[in-house]
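First the structure, in the form of structure tokens, and then the observations on it.
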Amino acid sequence: MRHTISVLVENKFGVLARVAGLFSARGYNIASLAVSETLDPTVSYMTIVVDAKDEKILEQIKKQLNKLIDVIIITDFTKKEHLDRELIIVKVGCSQKDKHRLEAILNKYVGKIVRCKNDICIVEAVGDQHQIKELLEALGGFGIKELVRTGRVAMAY
Amino acid sequence: MVTLNVTDTRNGHRNRNRKTIKMTGAQILLECLKREGVEVMFGYPGGQVLPIFDKLYDAELKFILTRHEQGAAHAADGYARATGKVGVCLATSGPGATNLTTGIANAYMDSIPIVAITGQVKTFLIGNDAFQEADVTGITRPITKHNYLVKDVKDLARIVREAFYIASTGRPGPVVIDIPSDVQLEDTEFIWPETVDIRSYKPTYYGHPGQIKKAAKLIAQAKKPILYIGGGIITSGAHLVLRDLAERIQAPVTWTLMGIGGFPATHKLSLGMLGMHGTGYANHAIMDADVIIAIGARFDDRVTGRIDTFAPGAKVIHIDIDPSSISKNIRVDVPIVGDAKNIIGELLEQLKKSPDTAEWLKAVEGLKKKYPLKYKDNGKIKPQYVVEQIYEVTGGDAIITTEVGQNQMWAAQWYKYDHPRTFISSGGLGTMGFGFPAAIGAKMGCPDKTVIDIAGDGSIQMNIQELATCVSNKIKVKVAILNNGYLGMVRQWQELFYKRRYSQVCISSPDFVKLADSYGAVGIRVNKKEEVRPAIQKALSIDNTVFIDFHVEPEENVYPMVPAGEAINKIIEGLA
């Protein structure tokens with residue numbers, strides 16, 4: 001099962017390697033990882049989506065992360081009411097006459113066409129995991145040429 | 001730049017209108033080590049630590065030049081285990097640092113506080129594949145509690161202070177400080193940080209009162225309680241309160257390899273070591289127990305055997321300073337995070353009544369009679385006999401270090417350790433070649449103690465170069481080699497589980513007597529059983545480093561033995 005946790009860390013060189021190294025050394029899987037500075041430049045947020053087959057493994061992941069000296073606070077969103085979002089950028093095949101249909105799909109989600117050229121459109125969209133999945137299925141009809149995702153970020157209510 | 005000696009710096013620092021005192025990185029490092037109370041450092045020079053070695057030339061700090069950096073790391077580790085203080089080692093960049101890594105990993109697995117200082121290539125060369133460059137913080141990340149690359153000399157004093165603090169607090173462990181050579185030369189104002197405050201590192205020392213109450217209740221109701229202790233007892237200095245607890249609740253005590261010395265082996269409640277080569281009675285007792293009080297131990301696979309068969313009827317109280325040790329391997333009923341000594345103290349206060357364990361102790365006595373520790377005497381030199389004799393001749397008043405393999409298990413089984421920090425062995429990592437340099441460290445920390453490395457003929461050859469370190473520094477340790485011509489433990493597994501197909505385990509050795517002699521030490525060879533005791537007595541009386549080469553029964557096995565992956569009461573006795 002996938003769990004979203006966010007890790008507040010010291011914003012120092014090598015911290016990402018410590019966190020990533022911990023996952024690989026102990027055989028845990030990272031499904032996605034988003035890292036960036038916060039308002040306080042001395043700390044960073046890492047939002048990590050982990051694959052953990054049971055509660056015990058998730059517990060170990062959190063405990064092991066907590067052991068890292070540079071980790072300040074861990075928030076596990078599994079049992080918390082929270083908002084999570086991911087940004088995707090997709091290159092799809094789309095001729096001039098299909099553009100309205102593409103726009104209609106994107107309007108159903110928080111998405112828009114960024115630019116089109118030679119029957120190829122780049123679109124961007126933001127949503128939770130469910131919305132992103134649905135949107136990608138809908139875009140599948142156009143032929144997805146390329147896809148990049150930021151990975152999930154989350155915030156507790 | 002103002003160069004001042006140490007006393008001046010201190011006065012200057014204490015002075016309210018202090019002068020600005022500039023020091024180089026190398027001077028700051030040595031000043032910090034002094035203020036941390038470091039008395040001895042083990043290491044090896046090289047190109048990227050020249051500025052430090054130049055300042056060491058004038059320093060009061062005792063420096064032990066080993067013959068290999070691995071020896072320096074193990075010596076620092078042995079020093080830490082024998083004294084409870086932080087051990088310090090120093091090596092150059094690249095190969096110097098990579099040679100330390102086995103020793104660092106060893107300290108990490110056994111939670112031993114060491115600070116390893118490495119030189120690094122100049123900051124502007126980092127990442128350029130410069131001569132003798134290695135990414136030391138990268139390499140040591142998974143085998144240290146924390147590590148630092150010092151990029152600015154202004155951070156150095158704070159980093160050294162933090163390194164010692166992190167290494168020695170909470171669950172201890174090794175910390176690496178990687179210092180580029182230009183940082184060692186740069187100068188800055190020396191400011192000693194009086195306190196350490198790391199916002200993301202606050203170890204828990206006091207157990208949750210509610211949990212302690214729960215544990216006390218569970219213990220009071222127990223009919224068949226057992227104490228299962230590990231290295232945490234020794235780290236925390238909890239051996240005396242542990243003894244109070246055991247006597248108060250009248251529970252038998254068993255221990256892990258790391259827990260040896262945490263409870264007196266000669267005490268009537270003692271069960272000895274448990275697990276793969278533990279005593280039959282300890283293994284049977286823990287399987288029969290109804291409450292296991294685990295303190296500073298981690299339910300390692302060598303202890304539990306097949307995990308789903310381990311102590312099926314028992315409720316488990318687990319006391320450990322590291323939350324990640326709890327519920328990692330087995331399900332725990334009452335977890336308590338904190339320092340062993342504090343929590344046992346609290347527990348003693350909370351225990352309103354003690355359980356009635358008379359029946360249980362009687363049953364345990366029965367197990368002791370039914371499954372005694374034994375070996376067959378056939379007139380030849382049995383390795384177990386050698387260890388027994390070492391115990392008798394020293395009166396149990398020595399520090400014993402071990403290598404890894406059969407020698408280690410016999411040293412654990414046949415010598416009775418009554419005091420903490422008297423058994424020094426590579427537990428988690430199982431590092432051959434550990435015992436000899438660790439003995440050097442232990443002897444430096446406890447010069448008045450007899451220090452004996454119980455070794456095998458295979459292991460001793462892994463760091464035998466440290467003979468030169470012993471002789472040139474007059475470190476008079478004794479090495480008892482249980483020489484059987486084999487890599488004995490691997491041979492034992494090949495005998496038992498690989499149809500006696502002895503693949504690469506028959507090992508030749510030099511003439512250890514001549515070898516010792518050529519280094520300026522003393523060698524004694526022992527071929528007959530009746531020579532064992534006089535040889536040990538002689539070795540202890542000689543004012544030098546001594547190798548005793550005991551030619552023991554070649555194919556003797558370590559028993560009892562629980563095959564890997566079996567339940568721990570499925571014991572091979574081996575002496576039918």
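Simple scheme: letters A, B, ... for chains in structure tokens order, numbers from 1 for residues in each chain, numbers from 1 for ligands in the order shown.
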Return the neighbours of chain B among the residues of chain A, cut-off 10 Å, counting only C-alpha atoms, as a list in words.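 That gives the following set of residues: Leu8, Val9, Glu10, Phe13, Gly14, Ala17, Arg18, Gly21, Leu22, Ala25, Arg26, Lys56, Ile57, Glu59, Gln60, Ile61, Lys62, Lys63, Gln64, Leu65, Asn66, Lys67, Leu68, Ile69, Asp70, Val71, Ile72 and Ile73 of chain A.
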Keeping only N, CA and C atoms, write the selected residues to a file as a short mmCIF file (atom, residue, chain, number, x, y, z; two decimals), in the first residue's frame.
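Dumped to part-v4.cif:
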```cif
data_model
loop_
_atom_site.label_atom_id
_atom_site.label_comp_id
_atom_site.auth_asym_id
_atom_site.auth_seq_id
_atom_site.Cartn_x
_atom_site.Cartn_y
_atom_site.Cartn_z
N LEU A 8 10.44 16.90 7.36
CA LEU A 8 11.08 18.21 7.47
C LEU A 8 12.54 17.98 7.83
N VAL A 9 13.43 18.47 6.97
CA VAL A 9 14.86 18.19 7.17
C VAL A 9 15.67 19.47 7.18
N GLU A 10 16.87 19.38 7.74
CA GLU A 10 17.81 20.49 7.65
C GLU A 10 18.16 20.69 6.17
N PHE A 13 23.70 20.18 2.39
CA PHE A 13 24.09 19.25 1.34
C PHE A 13 24.19 17.84 1.93
N GLY A 14 23.82 16.88 1.11
CA GLY A 14 23.96 15.49 1.56
C GLY A 14 22.72 14.93 2.25
N ALA A 17 20.76 12.61 0.01
CA ALA A 17 21.47 11.34 -0.13
C ALA A 17 21.26 10.47 1.11
N ARG A 18 21.23 11.08 2.28
CA ARG A 18 20.99 10.31 3.51
C ARG A 18 19.62 9.64 3.47
N GLY A 21 19.50 7.10 0.59
CA GLY A 21 20.36 5.97 0.93
C GLY A 21 19.71 5.07 1.97
N LEU A 22 18.99 5.66 2.89
CA LEU A 22 18.30 4.87 3.91
C LEU A 22 17.27 3.95 3.25
N ALA A 25 19.20 1.19 1.28
CA ALA A 25 19.94 0.26 2.15
C ALA A 25 18.99 -0.69 2.87
N ARG A 26 17.81 -0.22 3.19
CA ARG A 26 16.89 -1.08 3.95
C ARG A 26 15.83 -1.72 3.06
N LYS A 56 3.77 -2.40 9.85
CA LYS A 56 5.04 -2.59 10.55
C LYS A 56 6.19 -1.95 9.75
N ILE A 57 6.14 -2.15 8.43
CA ILE A 57 7.21 -1.59 7.59
C ILE A 57 7.13 -0.07 7.59
N GLU A 59 6.00 1.78 9.92
CA GLU A 59 6.48 2.18 11.25
C GLU A 59 8.01 2.21 11.26
N GLN A 60 8.63 1.16 10.71
CA GLN A 60 10.10 1.09 10.66
C GLN A 60 10.67 2.22 9.82
N ILE A 61 10.01 2.51 8.68
CA ILE A 61 10.50 3.59 7.81
C ILE A 61 10.51 4.90 8.60
N LYS A 62 9.44 5.14 9.31
CA LYS A 62 9.36 6.40 10.07
C LYS A 62 10.41 6.44 11.18
N LYS A 63 10.57 5.31 11.88
CA LYS A 63 11.55 5.27 12.97
C LYS A 63 12.98 5.45 12.44
N GLN A 64 13.25 4.77 11.32
CA GLN A 64 14.60 4.88 10.77
C GLN A 64 14.87 6.30 10.28
N LEU A 65 13.87 6.92 9.65
CA LEU A 65 14.03 8.30 9.20
C LEU A 65 14.30 9.21 10.40
N ASN A 66 13.57 8.96 11.48
CA ASN A 66 13.73 9.77 12.68
C ASN A 66 15.13 9.66 13.27
N LYS A 67 15.80 8.54 13.00
CA LYS A 67 17.15 8.35 13.53
C LYS A 67 18.18 9.21 12.82
N LEU A 68 17.85 9.63 11.58
CA LEU A 68 18.80 10.48 10.87
C LEU A 68 18.91 11.81 11.62
N ILE A 69 20.13 12.22 11.86
CA ILE A 69 20.34 13.42 12.67
C ILE A 69 19.68 14.64 12.01
N ASP A 70 19.69 14.71 10.69
CA ASP A 70 19.18 15.90 10.01
C ASP A 70 17.66 15.92 9.83
N VAL A 71 16.99 14.88 10.25
CA VAL A 71 15.53 14.86 10.14
C VAL A 71 14.92 15.54 11.37
N ILE A 72 14.05 16.52 11.12
CA ILE A 72 13.48 17.28 12.24
C ILE A 72 12.12 16.72 12.65
N ILE A 73 11.22 16.62 11.69
CA ILE A 73 9.87 16.13 12.01
C ILE A 73 9.35 15.29 10.84
#
```
Residues of stretch 3-147 of chain A in strand (DSSP E), written as a compact mmCIF listing (two decimals) with N, CA and C atoms, in the first residue's frame:
```txt
# COMPACT_ATOMS: atom_id res chain seq x y z
N HIS A 3 1.79 5.09 0.97
CA HIS A 3 1.59 6.04 2.06
C HIS A 3 2.34 7.31 1.74
N THR A 4 1.72 8.43 2.09
CA THR A 4 2.41 9.69 1.88
C THR A 4 2.94 10.18 3.23
N ILE A 5 4.24 10.45 3.26
CA ILE A 5 4.80 11.03 4.48
C ILE A 5 5.58 12.27 4.09
N SER A 6 5.59 13.25 4.97
CA SER A 6 6.46 14.38 4.66
C SER A 6 7.50 14.50 5.76
N VAL A 7 8.68 14.86 5.34
CA VAL A 7 9.83 14.87 6.24
C VAL A 7 10.43 16.27 6.22
N LEU A 8 10.44 16.90 7.36
CA LEU A 8 11.08 18.21 7.47
C LEU A 8 12.54 17.98 7.83
N VAL A 9 13.43 18.47 6.97
CA VAL A 9 14.86 18.19 7.17
C VAL A 9 15.67 19.47 7.18
N GLU A 10 16.87 19.38 7.74
CA GLU A 10 17.81 20.49 7.65
C GLU A 10 18.16 20.69 6.17
N ASN A 29 10.79 0.95 -0.84
CA ASN A 29 10.60 1.55 -2.16
C ASN A 29 10.04 2.96 -2.08
N ILE A 30 10.64 3.85 -2.86
CA ILE A 30 10.09 5.20 -2.98
C ILE A 30 9.27 5.23 -4.26
N ALA A 31 7.98 5.57 -4.14
CA ALA A 31 7.15 5.70 -5.34
C ALA A 31 7.32 7.10 -5.94
N SER A 32 7.37 8.11 -5.09
CA SER A 32 7.70 9.44 -5.59
C SER A 32 8.33 10.27 -4.48
N LEU A 33 9.03 11.29 -4.92
CA LEU A 33 9.78 12.11 -3.97
C LEU A 33 9.79 13.54 -4.47
N ALA A 34 9.35 14.47 -3.65
CA ALA A 34 9.39 15.88 -4.03
C ALA A 34 10.11 16.65 -2.92
N VAL A 35 11.10 17.44 -3.30
CA VAL A 35 11.91 18.15 -2.31
C VAL A 35 11.97 19.62 -2.66
N SER A 36 11.76 20.48 -1.67
CA SER A 36 12.05 21.88 -1.93
C SER A 36 12.20 22.65 -0.64
N GLU A 37 12.76 23.83 -0.78
CA GLU A 37 12.95 24.73 0.35
C GLU A 37 11.61 25.18 0.90
N VAL A 43 15.47 24.99 6.38
CA VAL A 43 14.85 23.66 6.34
C VAL A 43 14.18 23.39 4.99
N SER A 44 14.07 22.13 4.66
CA SER A 44 13.39 21.71 3.43
C SER A 44 12.30 20.70 3.76
N TYR A 45 11.32 20.63 2.91
CA TYR A 45 10.30 19.60 3.01
C TYR A 45 10.55 18.53 1.97
N MET A 46 10.49 17.28 2.39
CA MET A 46 10.51 16.18 1.44
C MET A 46 9.17 15.48 1.55
N THR A 47 8.46 15.39 0.46
CA THR A 47 7.24 14.61 0.49
C THR A 47 7.53 13.29 -0.21
N ILE A 48 7.39 12.22 0.54
CA ILE A 48 7.78 10.91 0.01
C ILE A 48 6.56 10.00 -0.03
N VAL A 49 6.32 9.42 -1.19
CA VAL A 49 5.29 8.39 -1.27
C VAL A 49 6.01 7.05 -1.24
N VAL A 50 5.67 6.24 -0.23
CA VAL A 50 6.38 4.97 -0.06
C VAL A 50 5.44 3.80 -0.29
N ASP A 51 6.02 2.74 -0.79
CA ASP A 51 5.31 1.46 -0.90
C ASP A 51 5.66 0.66 0.34
N VAL A 71 16.99 14.88 10.25
CA VAL A 71 15.53 14.86 10.14
C VAL A 71 14.92 15.54 11.37
N ILE A 72 14.05 16.52 11.12
CA ILE A 72 13.48 17.28 12.24
C ILE A 72 12.12 16.72 12.65
N ILE A 73 11.22 16.62 11.69
CA ILE A 73 9.87 16.13 12.01
C ILE A 73 9.35 15.29 10.84
N ILE A 74 8.62 14.23 11.19
CA ILE A 74 7.99 13.41 10.16
C ILE A 74 6.48 13.48 10.32
N THR A 75 5.78 13.71 9.23
CA THR A 75 4.32 13.68 9.27
C THR A 75 3.84 12.55 8.39
N ASP A 76 3.05 11.67 8.98
CA ASP A 76 2.49 10.56 8.21
C ASP A 76 1.04 10.93 7.90
N HIS A 82 -6.05 15.20 4.83
CA HIS A 82 -5.04 16.03 4.17
C HIS A 82 -5.39 16.29 2.70
N LEU A 83 -4.65 17.22 2.15
CA LEU A 83 -4.80 17.57 0.75
C LEU A 83 -3.54 17.09 0.05
N ASP A 84 -3.70 16.36 -1.07
CA ASP A 84 -2.49 16.07 -1.81
C ASP A 84 -2.67 16.40 -3.29
N ARG A 85 -1.62 16.87 -3.88
CA ARG A 85 -1.66 17.33 -5.27
C ARG A 85 -0.39 16.92 -6.01
N GLU A 86 -0.58 16.76 -7.32
CA GLU A 86 0.58 16.49 -8.17
C GLU A 86 0.39 17.28 -9.45
N LEU A 87 1.48 17.77 -9.99
CA LEU A 87 1.44 18.47 -11.28
C LEU A 87 1.98 17.54 -12.35
N ILE A 88 1.24 17.49 -13.48
CA ILE A 88 1.77 16.71 -14.60
C ILE A 88 1.88 17.59 -15.84
N ILE A 89 2.84 17.28 -16.65
CA ILE A 89 2.95 17.92 -17.97
C ILE A 89 2.93 16.79 -19.00
N VAL A 90 2.03 16.92 -19.98
CA VAL A 90 1.86 15.82 -20.94
C VAL A 90 1.93 16.36 -22.36
N LYS A 91 2.65 15.63 -23.20
CA LYS A 91 2.68 15.96 -24.62
C LYS A 91 1.73 14.97 -25.30
N VAL A 92 0.68 15.52 -25.95
CA VAL A 92 -0.27 14.63 -26.62
C VAL A 92 -0.41 15.00 -28.09
N GLY A 93 -0.77 14.01 -28.87
CA GLY A 93 -1.06 14.27 -30.28
C GLY A 93 -2.44 14.93 -30.37
N VAL A 110 -8.27 20.43 -13.31
CA VAL A 110 -7.56 21.71 -13.27
C VAL A 110 -6.41 21.60 -14.28
N GLY A 111 -6.75 21.79 -15.54
CA GLY A 111 -5.74 21.63 -16.56
C GLY A 111 -5.92 22.60 -17.69
N LYS A 112 -4.88 22.80 -18.46
CA LYS A 112 -5.00 23.68 -19.62
C LYS A 112 -3.96 23.32 -20.67
N ILE A 113 -4.24 23.81 -21.90
CA ILE A 113 -3.26 23.63 -22.97
C ILE A 113 -2.23 24.74 -22.84
N VAL A 114 -0.95 24.38 -22.82
CA VAL A 114 0.10 25.40 -22.69
C VAL A 114 0.52 25.90 -24.07
N ARG A 115 0.75 24.96 -24.99
CA ARG A 115 1.06 25.39 -26.37
C ARG A 115 0.84 24.23 -27.33
N CYS A 116 0.53 24.57 -28.57
CA CYS A 116 0.35 23.55 -29.59
C CYS A 116 1.18 23.90 -30.82
N LYS A 117 1.73 22.88 -31.45
CA LYS A 117 2.52 23.10 -32.65
C LYS A 117 2.56 21.78 -33.42
N ILE A 120 0.91 18.70 -32.14
CA ILE A 120 1.34 18.21 -30.82
C ILE A 120 1.01 19.31 -29.81
N CYS A 121 0.34 18.93 -28.73
CA CYS A 121 0.03 19.90 -27.69
C CYS A 121 0.69 19.50 -26.38
N ILE A 122 1.19 20.53 -25.67
CA ILE A 122 1.65 20.29 -24.31
C ILE A 122 0.58 20.80 -23.37
N VAL A 123 0.15 19.92 -22.46
CA VAL A 123 -0.87 20.34 -21.50
C VAL A 123 -0.33 20.16 -20.09
N GLU A 124 -0.87 20.97 -19.19
CA GLU A 124 -0.50 20.81 -17.79
C GLU A 124 -1.76 20.63 -16.98
N ALA A 125 -1.63 19.90 -15.87
CA ALA A 125 -2.79 19.70 -15.02
C ALA A 125 -2.34 19.43 -13.59
N VAL A 126 -3.22 19.81 -12.67
CA VAL A 126 -2.95 19.59 -11.25
C VAL A 126 -4.12 18.81 -10.67
N GLY A 127 -3.84 17.85 -9.81
CA GLY A 127 -4.94 17.14 -9.19
C GLY A 127 -4.46 16.15 -8.16
N ILE A 144 -0.43 9.68 -25.86
CA ILE A 144 0.52 10.41 -25.02
C ILE A 144 1.93 10.17 -25.55
N LYS A 145 2.61 11.27 -25.91
CA LYS A 145 3.98 11.15 -26.45
C LYS A 145 5.01 11.20 -25.33
N GLU A 146 4.70 11.97 -24.30
CA GLU A 146 5.68 12.17 -23.23
C GLU A 146 4.92 12.60 -21.98
N LEU A 147 5.44 12.18 -20.84
CA LEU A 147 4.76 12.53 -19.59
C LEU A 147 5.79 12.78 -18.49
```
With DSSP run on the backbone, what are the helix (DSSP H, G or I) residues within stretch 341-457 of chain B? I'd like them as JSON, numbers by chain. {"B": [341, 342, 343, 344, 345, 346, 347, 348, 349, 350, 358, 359, 360, 361, 362, 363, 364, 365, 366, 367, 368, 369, 370, 383, 384, 385, 386, 387, 388, 389, 390, 391, 392, 393, 394, 406, 407, 408, 409, 410, 411, 412, 413, 414, 435, 436, 437, 438, 439, 440, 441, 442, 443, 444, 445]}
Would you mind listing what lies within 12 Å of B:Phe131 as a tab-separated table (two decimals) with C-alpha atoms, in the first residue's frame, with only C-alpha atoms counted and same-chain residues fewer than 6 positions away left out?
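Result saved to part-v2.tsv:
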```tsv
chain	number	residue	atom	x	y	z
B	46	GLY	CA	49.39	10.71	4.99
B	47	GLY	CA	49.39	13.56	2.50
B	48	GLN	CA	46.08	15.18	3.38
B	92	THR	CA	44.44	10.40	5.58
B	93	SER	CA	42.14	10.75	2.58
B	94	GLY	CA	41.36	8.05	-0.01
B	95	PRO	CA	42.90	4.70	0.98
B	120	GLN	CA	40.28	15.09	2.48
B	121	VAL	CA	41.72	16.68	-0.66
B	122	LYS	CA	41.55	20.47	-0.81
B	125	LEU	CA	39.68	19.71	-5.75
```
What gap, in Å, lies between atom CA of B:Leu271 and atom CA of B:Gly396?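 Separation of atom CA of B:Leu271 and atom CA of B:Gly396: 17.6 Å.
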Would you pick out the contacts of B:Thr545 at 7 Å or less, using only C-alpha atoms, so that residues sharing its chain but fewer than 4 positions from it are not included, and give the list as JSON, numbers by chain? {"B": [470, 471, 475, 476, 477, 478, 521, 522]}
For B:Asp549: contacts at 9 Å, only C-alpha atoms, fewer than 5 positions along chain excluded, given as a list in words: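 So, after excluding close chain neighbours, the residues are Asp457, Val479, Ala480, Ile481, Leu482, Asn483, Asp511, Phe512, Val513, Gly523, Ile524, Arg525, Val526 and Asn527 of chain B.
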What's around stretch 275-279 of chain B at 12 Å? Count only C-alpha atoms, leave out sequence neighbours fewer than 6 positions away in its own chain, and write the answer as an MDAnalysis selection string. chainID B and resid 228 254:257 260 285:287 299:307 310 367:374 405:406 408:414 489 557:574
Shell of 9 Å around B:Met444, only C-alpha atoms, local chain residues under 2 positions omitted, as a PyMOL selection string: chain B and resi 40+75+79+439-442+446-447+475
Would you mind exporting C-alpha atoms of the selected residues as a compact mmCIF listing (two decimals), in the first residue's frame?
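The resulting file, out35.txt, is reproduced below:
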```
# COMPACT_ATOMS: atom_id res chain seq x y z
CA VAL B 40 44.91 8.92 23.13
CA ALA B 75 41.84 0.13 18.52
CA TYR B 79 39.37 1.71 23.79
CA ALA B 439 43.14 -5.37 22.71
CA ILE B 440 45.63 -2.58 21.96
CA GLY B 441 42.86 -0.01 22.44
CA ALA B 442 41.64 -1.68 25.64
CA CYS B 446 43.07 0.33 31.03
CA PRO B 447 46.86 0.04 31.37
CA ILE B 475 51.58 -2.27 24.79
```
Distance criterion (only C-alpha atoms): nearest to B:Gly379 out of B:Thr266, B:His419, B:Glu553, B:Val404: B:Glu553
Tell me, in Å to one decimal, how far atom CA of B:Lys443 is from atom CA of B:Tyr415.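 Pair atom CA of B:Lys443 / atom CA of B:Tyr415 returns 19.1 Å.
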